[in-house]
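What's in start39.pdb: PDB, C-alpha atoms
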```pdb
ATOM      1  CA  MET M  13     105.236 102.860 109.730
ATOM      2  CA  THR M  14     102.856 105.601 108.571
ATOM      3  CA  THR M  15      99.096 105.372 108.970
ATOM      4  CA  ASP M  16      99.102 104.853 105.205
ATOM      5  CA  GLU M  17     101.094 101.651 105.645
ATOM      6  CA  LEU M  18      98.848 100.630 108.532
ATOM      7  CA  SER M  19      95.868 100.986 106.174
ATOM      8  CA  THR M  20      97.511  98.740 103.600
ATOM      9  CA  THR M  21      98.472  96.151 106.208
ATOM     10  CA  PHE M  22      95.029  96.072 107.817
ATOM     11  CA  ALA M  23      93.295  95.928 104.454
ATOM     12  CA  ALA M  24      95.440  92.912 103.585
ATOM     13  CA  LEU M  25      94.707  91.267 106.952
ATOM     14  CA  ALA M  26      90.969  91.925 106.750
ATOM     15  CA  ASP M  27      90.368  89.055 104.307
ATOM     16  CA  PRO M  28      89.877  85.564 105.836
ATOM     17  CA  THR M  29      91.509  83.763 102.881
ATOM     18  CA  ARG M  30      94.589  85.930 103.203
ATOM     19  CA  ARG M  31      94.742  85.273 106.946
ATOM     20  CA  ALA M  32      94.536  81.542 106.203
ATOM     21  CA  ILE M  33      97.392  81.925 103.711
ATOM     22  CA  LEU M  34      99.457  83.676 106.384
ATOM     23  CA  ALA M  35      98.621  80.912 108.857
ATOM     24  CA  ARG M  36      99.828  78.325 106.330
ATOM     25  CA  LEU M  37     103.031  80.302 105.744
ATOM     26  CA  SER M  38     103.699  80.482 109.477
ATOM     27  CA  GLN M  39     104.536  76.779 109.131
ATOM     28  CA  GLY M  40     107.109  77.369 106.427
ATOM     29  CA  GLU M  41     107.399  78.705 102.909
ATOM     30  CA  ALA M  42     105.100  77.458 100.169
ATOM     31  CA  THR M  43     104.465  77.900  96.453
ATOM     32  CA  VAL M  44     101.190  79.278  95.087
ATOM     33  CA  ASN M  45     100.213  75.698  94.111
ATOM     34  CA  GLU M  46     100.744  74.490  97.646
ATOM     35  CA  LEU M  47      98.907  77.480  99.087
ATOM     36  CA  ALA M  48      95.922  76.870  96.793
ATOM     37  CA  GLU M  49      95.406  73.236  97.870
ATOM     38  CA  PRO M  50      93.110  73.773 100.876
ATOM     39  CA  PHE M  51      90.966  76.445  99.179
ATOM     40  CA  PRO M  52      87.977  75.891  96.879
ATOM     41  CA  ILE M  53      89.126  78.808  94.713
ATOM     42  CA  THR M  54      91.169  79.081  91.536
ATOM     43  CA  LEU M  55      94.928  79.277  91.393
ATOM     44  CA  GLN M  56      94.512  82.706  89.888
ATOM     45  CA  ALA M  57      92.497  83.938  92.869
ATOM     46  CA  VAL M  58      95.125  82.619  95.285
ATOM     47  CA  SER M  59      97.812  84.285  93.222
ATOM     48  CA  LYS M  60      95.953  87.600  93.584
ATOM     49  CA  HIS M  61      95.768  87.224  97.362
ATOM     50  CA  VAL M  62      99.487  86.466  97.460
ATOM     51  CA  LYS M  63     100.176  89.664  95.521
ATOM     52  CA  VAL M  64      98.120  91.738  97.971
ATOM     53  CA  LEU M  65     100.062  90.240 100.887
ATOM     54  CA  GLU M  66     103.337  90.880  99.106
ATOM     55  CA  ARG M  67     102.452  94.531  98.428
ATOM     56  CA  ALA M  68     101.545  94.982 102.096
ATOM     57  CA  GLY M  69     104.986  93.711 103.040
ATOM     58  CA  LEU M  70     103.496  90.775 104.953
ATOM     59  CA  ILE M  71     105.204  88.160 102.817
ATOM     60  CA  ALA M  72     108.196  87.961 100.507
ATOM     61  CA  ARG M  73     108.625  85.706  97.488
ATOM     62  CA  GLY M  74     111.672  83.807  96.372
ATOM     63  CA  ARG M  75     113.675  84.627  93.241
ATOM     64  CA  SER M  76     113.390  81.208  91.590
ATOM     65  CA  ALA M  77     111.454  82.036  88.414
ATOM     66  CA  GLN M  78     109.155  79.014  88.312
ATOM     67  CA  MET M  79     108.401  78.260  91.929
ATOM     68  CA  ARG M  80     108.680  81.615  93.650
ATOM     69  CA  PRO M  81     107.818  80.231  97.107
ATOM     70  CA  SER M  82     106.284  82.723  99.546
ATOM     71  CA  ARG M  83     107.373  83.201 103.137
ATOM     72  CA  LEU M  84     106.180  85.336 106.034
ATOM     73  CA  GLN M  85     107.763  88.675 106.777
ATOM     74  CA  GLY M  86     107.399  89.135 110.511
ATOM     75  CA  THR M  87     108.223  92.829 110.818
ATOM     76  CA  GLN M  88     105.078  94.198 109.249
ATOM     77  CA  LEU M  89     102.864  91.868 111.298
ATOM     78  CA  LYS M  90     104.640  93.050 114.410
ATOM     79  CA  HIS M  91     103.935  96.663 113.387
ATOM     80  CA  ALA M  92     100.245  95.874 112.968
ATOM     81  CA  ALA M  93     100.133  94.205 116.390
ATOM     82  CA  GLU M  94     101.632  97.332 117.899
ATOM     83  CA  TRP M  95      99.454  99.697 115.892
ATOM     84  CA  LEU M  96      98.529 101.967 118.802
ATOM     85  CA  ALA M  97     102.182 102.500 119.689
ATOM     86  CA  GLU M  98     102.872 103.083 115.988
ATOM     87  CA  TYR M  99     100.116 105.674 115.866
ATOM     88  CA  ARG M 100     101.544 107.491 118.885
ATOM     89  CA  GLU M 101     104.995 107.490 117.316
ATOM     90  CA  PHE M 102     103.489 108.905 114.131
ATOM     91  CA  TRP M 103     102.102 111.912 116.051
ATOM     92  CA  ASP M 104     105.250 112.258 118.175
ATOM     93  CA  ASP M 105     107.337 112.601 114.990
ATOM     94  CA  ARG M 106     104.853 115.110 113.646
ATOM     95  CA  PHE M 107     105.124 117.219 116.810
ATOM     96  CA  ASP M 108     108.939 117.100 116.580
ATOM     97  CA  ARG M 109     108.553 118.738 113.183
ATOM     98  CA  LEU M 110     106.074 121.275 114.616
ATOM     99  CA  ASP M 111     108.640 122.115 117.312
ATOM    100  CA  ASP M 112     111.356 122.618 114.649
ATOM    101  CA  HIS M 113     109.009 124.707 112.553
ATOM    102  CA  LEU M 114     108.103 126.996 115.479
ATOM    103  CA  ARG M 115     111.807 127.497 116.221
ATOM    104  CA  ASP M 116     112.617 128.228 112.560
ATOM    105  CA  ILE M 117     110.005 130.907 112.082
ATOM    106  CA  GLN M 118     110.926 132.692 115.300
ATOM    107  CA  ARG M 119     114.633 132.681 114.518
ATOM    108  CA  GLY M 120     114.772 134.258 111.069
ATOM    109  CA  PRO M 121     112.842 137.204 109.654
ATOM    110  CA  SER M 122     109.170 136.340 109.631
ATOM    111  CA  THR M 123     107.922 134.792 106.427
TER     112      THR M 123
ATOM    113  CA  MET H  27      79.473 103.337 114.672
ATOM    114  CA  SER H  28      78.785  99.629 114.925
ATOM    115  CA  GLU H  29      78.388  98.011 118.334
ATOM    116  CA  ALA H  30      81.469  95.914 117.939
ATOM    117  CA  ALA H  31      83.691  98.952 117.937
ATOM    118  CA  THR H  32      86.220  99.916 120.534
ATOM    119  CA  ALA H  33      87.749 103.305 121.141
ATOM    120  CA  ARG H  34      91.450 103.520 121.866
ATOM    121  CA  GLU H  35      93.109 106.663 123.027
ATOM    122  CA  ILE H  36      96.533 108.249 122.993
ATOM    123  CA  THR H  37      97.529 111.457 124.747
ATOM    124  CA  ILE H  38     100.646 113.518 124.138
ATOM    125  CA  THR H  39     101.626 116.701 125.978
ATOM    126  CA  ARG H  40     104.293 119.003 124.560
ATOM    127  CA  VAL H  41     105.634 122.396 125.591
ATOM    128  CA  PHE H  42     106.669 124.654 122.720
ATOM    129  CA  ASP H  43     108.950 127.647 123.059
ATOM    130  CA  ALA H  44     106.489 129.871 121.199
ATOM    131  CA  PRO H  45     103.520 132.087 122.049
ATOM    132  CA  ARG H  46     100.095 130.447 121.918
ATOM    133  CA  GLU H  47      98.979 132.674 119.016
ATOM    134  CA  LEU H  48     101.796 131.275 116.878
ATOM    135  CA  VAL H  49     101.096 127.639 117.775
ATOM    136  CA  TRP H  50      97.458 128.245 116.866
ATOM    137  CA  GLN H  51      98.555 129.648 113.510
ATOM    138  CA  ALA H  52     100.787 126.638 112.921
ATOM    139  CA  TRP H  53      97.735 124.402 113.374
ATOM    140  CA  THR H  54      95.312 126.427 111.274
ATOM    141  CA  ASP H  55      97.231 128.244 108.519
ATOM    142  CA  PRO H  56      97.812 126.250 105.286
ATOM    143  CA  GLU H  57     101.308 127.721 104.757
ATOM    144  CA  HIS H  58     102.322 126.628 108.247
ATOM    145  CA  LEU H  59     100.660 123.184 108.064
ATOM    146  CA  ALA H  60     102.440 122.429 104.790
ATOM    147  CA  ARG H  61     105.768 122.835 106.557
ATOM    148  CA  TRP H  62     105.341 120.425 109.458
ATOM    149  CA  TRP H  63     102.513 117.989 108.725
ATOM    150  CA  GLY H  64     104.650 115.429 106.897
ATOM    151  CA  PRO H  65     104.987 112.546 107.541
ATOM    152  CA  ALA H  66     108.679 111.913 106.838
ATOM    153  CA  GLY H  67     109.265 110.983 103.212
ATOM    154  CA  ARG H  68     106.236 112.974 102.091
ATOM    155  CA  THR H  69     105.729 116.587 101.061
ATOM    156  CA  THR H  70     102.602 118.631 101.566
ATOM    157  CA  PRO H  71     102.068 121.324  98.912
ATOM    158  CA  ALA H  72     100.665 124.446 100.611
ATOM    159  CA  ASP H  73      98.057 124.839  97.863
ATOM    160  CA  SER H  74      96.702 121.352  98.649
ATOM    161  CA  VAL H  75      95.687 122.462 102.137
ATOM    162  CA  THR H  76      92.115 123.603 102.707
ATOM    163  CA  VAL H  77      91.145 124.860 106.145
ATOM    164  CA  ASP H  78      87.551 125.977 106.617
ATOM    165  CA  LEU H  79      88.006 127.049 110.212
ATOM    166  CA  ARG H  80      84.554 126.797 111.799
ATOM    167  CA  PRO H  81      82.570 124.024 113.472
ATOM    168  CA  GLY H  82      81.348 121.778 110.641
ATOM    169  CA  GLY H  83      84.005 123.155 108.285
ATOM    170  CA  THR H  84      86.357 120.761 106.520
ATOM    171  CA  PHE H  85      90.087 120.195 106.684
ATOM    172  CA  ARG H  86      91.862 118.653 103.720
ATOM    173  CA  LEU H  87      95.508 118.065 103.074
ATOM    174  CA  SER H  88      97.620 116.080 100.596
ATOM    175  CA  SER H  89     100.863 114.342 101.516
ATOM    176  CA  ILE H  90     102.698 113.415  98.321
ATOM    177  CA  GLY H  91     105.162 110.536  98.546
ATOM    178  CA  ASP H  92     108.658 111.794  97.665
ATOM    179  CA  GLU H  93     109.549 108.553  95.890
ATOM    180  CA  ARG H  94     106.336 107.134  94.464
ATOM    181  CA  GLY H  95     104.438 110.395  94.040
ATOM    182  CA  ASP H  96     101.319 108.811  95.533
ATOM    183  CA  ASP H  97      98.819 111.094  97.192
ATOM    184  CA  MET H  98      97.829 110.354 100.795
ATOM    185  CA  VAL H  99      94.838 112.516 101.672
ATOM    186  CA  THR H 100      93.897 113.601 105.181
ATOM    187  CA  LEU H 101      90.261 114.603 105.358
ATOM    188  CA  GLY H 102      88.590 115.895 108.475
ATOM    189  CA  THR H 103      85.741 117.971 109.854
ATOM    190  CA  PHE H 104      86.148 120.540 112.596
ATOM    191  CA  ARG H 105      83.965 119.709 115.582
ATOM    192  CA  GLU H 106      85.147 122.566 117.820
ATOM    193  CA  VAL H 107      87.006 125.754 116.988
ATOM    194  CA  VAL H 108      87.802 128.060 119.917
ATOM    195  CA  GLU H 109      90.529 130.471 118.853
ATOM    196  CA  PRO H 110      93.280 130.381 120.058
ATOM    197  CA  GLU H 111      92.917 127.515 122.499
ATOM    198  CA  ARG H 112      90.968 124.518 121.304
ATOM    199  CA  LEU H 113      90.543 122.552 118.116
ATOM    200  CA  VAL H 114      88.702 119.276 117.631
ATOM    201  CA  VAL H 115      88.954 117.506 114.279
ATOM    202  CA  GLU H 116      87.179 114.328 113.290
ATOM    203  CA  GLU H 117      88.945 112.318 110.599
ATOM    204  CA  ALA H 118      86.761 110.609 108.040
ATOM    205  CA  ALA H 119      86.599 106.833 108.239
ATOM    206  CA  GLU H 120      86.266 106.177 104.509
ATOM    207  CA  ASP H 121      89.222 104.473 102.888
ATOM    208  CA  SER H 122      90.861 104.212 106.248
ATOM    209  CA  TRP H 123      91.894 101.450 108.622
ATOM    210  CA  HIS H 124      89.856 102.981 111.434
ATOM    211  CA  ASP H 125      86.135 103.683 111.864
ATOM    212  CA  GLY H 126      86.805 107.334 112.635
ATOM    213  CA  ALA H 127      89.416 109.153 114.669
ATOM    214  CA  VAL H 128      88.954 112.321 116.698
ATOM    215  CA  SER H 129      91.914 114.572 117.484
ATOM    216  CA  GLU H 130      91.616 117.181 120.228
ATOM    217  CA  VAL H 131      94.183 119.942 120.593
ATOM    218  CA  THR H 132      94.193 122.204 123.658
ATOM    219  CA  LEU H 133      96.687 125.071 123.900
ATOM    220  CA  VAL H 134      97.527 126.529 127.300
ATOM    221  CA  GLU H 135      99.565 129.715 127.817
ATOM    222  CA  LEU H 136     102.329 129.206 130.347
ATOM    223  CA  GLU H 137     103.565 132.015 132.599
ATOM    224  CA  ASP H 138     106.986 132.061 130.950
ATOM    225  CA  GLY H 139     105.449 132.755 127.524
ATOM    226  CA  ARG H 140     105.739 129.204 126.266
ATOM    227  CA  THR H 141     102.759 127.132 125.204
ATOM    228  CA  GLU H 142     101.646 123.753 126.462
ATOM    229  CA  MET H 143      99.846 121.637 123.905
ATOM    230  CA  ARG H 144      97.652 118.799 125.109
ATOM    231  CA  PHE H 145      96.802 116.395 122.337
ATOM    232  CA  ARG H 146      94.366 113.545 122.588
ATOM    233  CA  ALA H 147      93.441 111.201 119.760
ATOM    234  CA  THR H 148      90.562 108.770 120.085
ATOM    235  CA  ILE H 149      90.570 106.067 117.445
ATOM    236  CA  HIS H 150      87.476 103.993 116.792
ATOM    237  CA  THR H 151      88.141 100.701 115.173
ATOM    238  CA  SER H 152      86.213  97.466 114.925
ATOM    239  CA  ASP H 153      86.887  94.807 117.539
ATOM    240  CA  GLU H 154      87.617  92.439 114.697
ATOM    241  CA  MET H 155      90.393  94.672 113.439
ATOM    242  CA  ILE H 156      91.868  95.039 116.907
ATOM    243  CA  GLY H 157      91.626  91.294 117.342
ATOM    244  CA  ILE H 158      93.467  90.725 114.109
ATOM    245  CA  ALA H 159      96.049  93.305 114.950
ATOM    246  CA  GLU H 160      96.719  92.561 118.578
ATOM    247  CA  THR H 161      95.865  88.984 119.388
ATOM    248  CA  GLY H 162      94.550  87.279 116.270
ATOM    249  CA  ILE H 163      97.945  87.321 114.685
ATOM    250  CA  THR H 164      99.823  85.774 117.565
ATOM    251  CA  SER H 165      97.184  83.270 118.656
ATOM    252  CA  ALA H 166      96.296  82.069 115.177
ATOM    253  CA  PHE H 167      99.876  81.671 114.101
ATOM    254  CA  ASP H 168     101.486  79.532 116.757
ATOM    255  CA  ARG H 169     104.877  79.657 115.195
ATOM    256  CA  LEU H 170     104.918  83.342 114.390
ATOM    257  CA  GLY H 171     107.279  84.115 117.259
ATOM    258  CA  GLU H 172     109.784  81.763 115.721
ATOM    259  CA  VAL H 173     109.307  83.274 112.291
ATOM    260  CA  VAL H 174     109.754  86.820 113.594
ATOM    261  CA  ALA H 175     112.864  85.799 115.496
ATOM    262  CA  ARG H 176     114.478  84.252 112.436
TER     263      ARG H 176
END
```
Just dump the structure as structure tokens.
Amino acid sequence: MTTDELSTTFAALADPTRRAILARLSQGEATVNELAEPFPITLQAVSKHVKVLERAGLIARGRSAQMRPSRLQGTQLKHAAEWLAEYREFWDDRFDRLDDHLRDIQRGPST
Amino acid sequence: MSEAATAREITITRVFDAPRELVWQAWTDPEHLARWWGPAGRTTPADSVTVDLRPGGTFRLSSIGDERGDDMVTLGTFREVVEPERLVVEEAAEDSWHDGAVSEVTLVELEDGRTEMRFRATIHTSDEMIGIAETGITSAFDRLGEVVAR
């Protein structure tokens, strides 16, 4: 996961309504109608939140054209929970490339 | 920085088979940075890199997604510049998941001609965000473990 993806995930998690939607989905998949029930907001607003969560990779939606039930995707949440380790890995990968780069430029004619 | 902010830190030490002068160049020269900055799946055009190498000077770099073509910008300000041994960059907090991150790079010449790089990143982020990320998720969603395991 890049820090870019971390940004998207955290931005999605930062909203209390979206966290409540995730909490509801942790009990099983649900349609937008079902998700909207406990909230004093429009179906359209809930639908927007669902799209944000979907883009962040936190949920996936079924194929069925009419219902399209949503369900949790655990992997991305796990990444967010381990964000510090993810951040370290991000820099470790970067330094692997720095190591390769330093080798490359010393091997061939200098560029 | 708000009061409810916590700093987290990572440190990484690497030894490179290269003279210190060259490692310094790799960190400060746009042509070099473009070739290793990444991350994987992204390309940094050398002409997108701006390095105003002085305390208070800015650092800017674009990482273009190979598939989507989206531009991920890294924007920072140099806090310390001591050629060729120490560099401190503060990353801007705007449009980011953290409230500011400071990266410190220290380069030490080893006797055998190699270079030891000591890297320390301090990430400031709100306690709320850490709560959401580390404990909020698991405590709020009792059945998450089950879901993840599925």
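Distance check against chain M using only C-alpha atoms: of H:Arg61, H:His150, H:Arg46, H:Arg86, the minimum falls on H:Arg61.
Note that atom CA of M:Thr87 and atom CA of M:Phe107 are 25.3 Å apart.
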Q.
Could you list, as a list of chain:residue names, every residue within 12 Å of M:Asp116, counting only C-alpha atoms and ignoring same-chain residues fewer than 6 positions away?
A. M:Arg109, M:Leu110, M:Ser122, M:Thr123, H:Asp43, H:Ala44, H:Ala52, H:His58, H:Arg61, H:Trp62
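Distances from H:Ile149, H:Arg94, H:Val128, H:Ala118 to chain M were compared using all atoms listed in the file, and the smallest one belongs to H:Ile149.
Using the PyMOL selection byres ((chain H and resi 41) around 7) on this structure selects H:Thr39, H:Arg40, H:Phe42, H:Asp43, H:Arg140, H:Thr141, H:Glu142, H:Met143.
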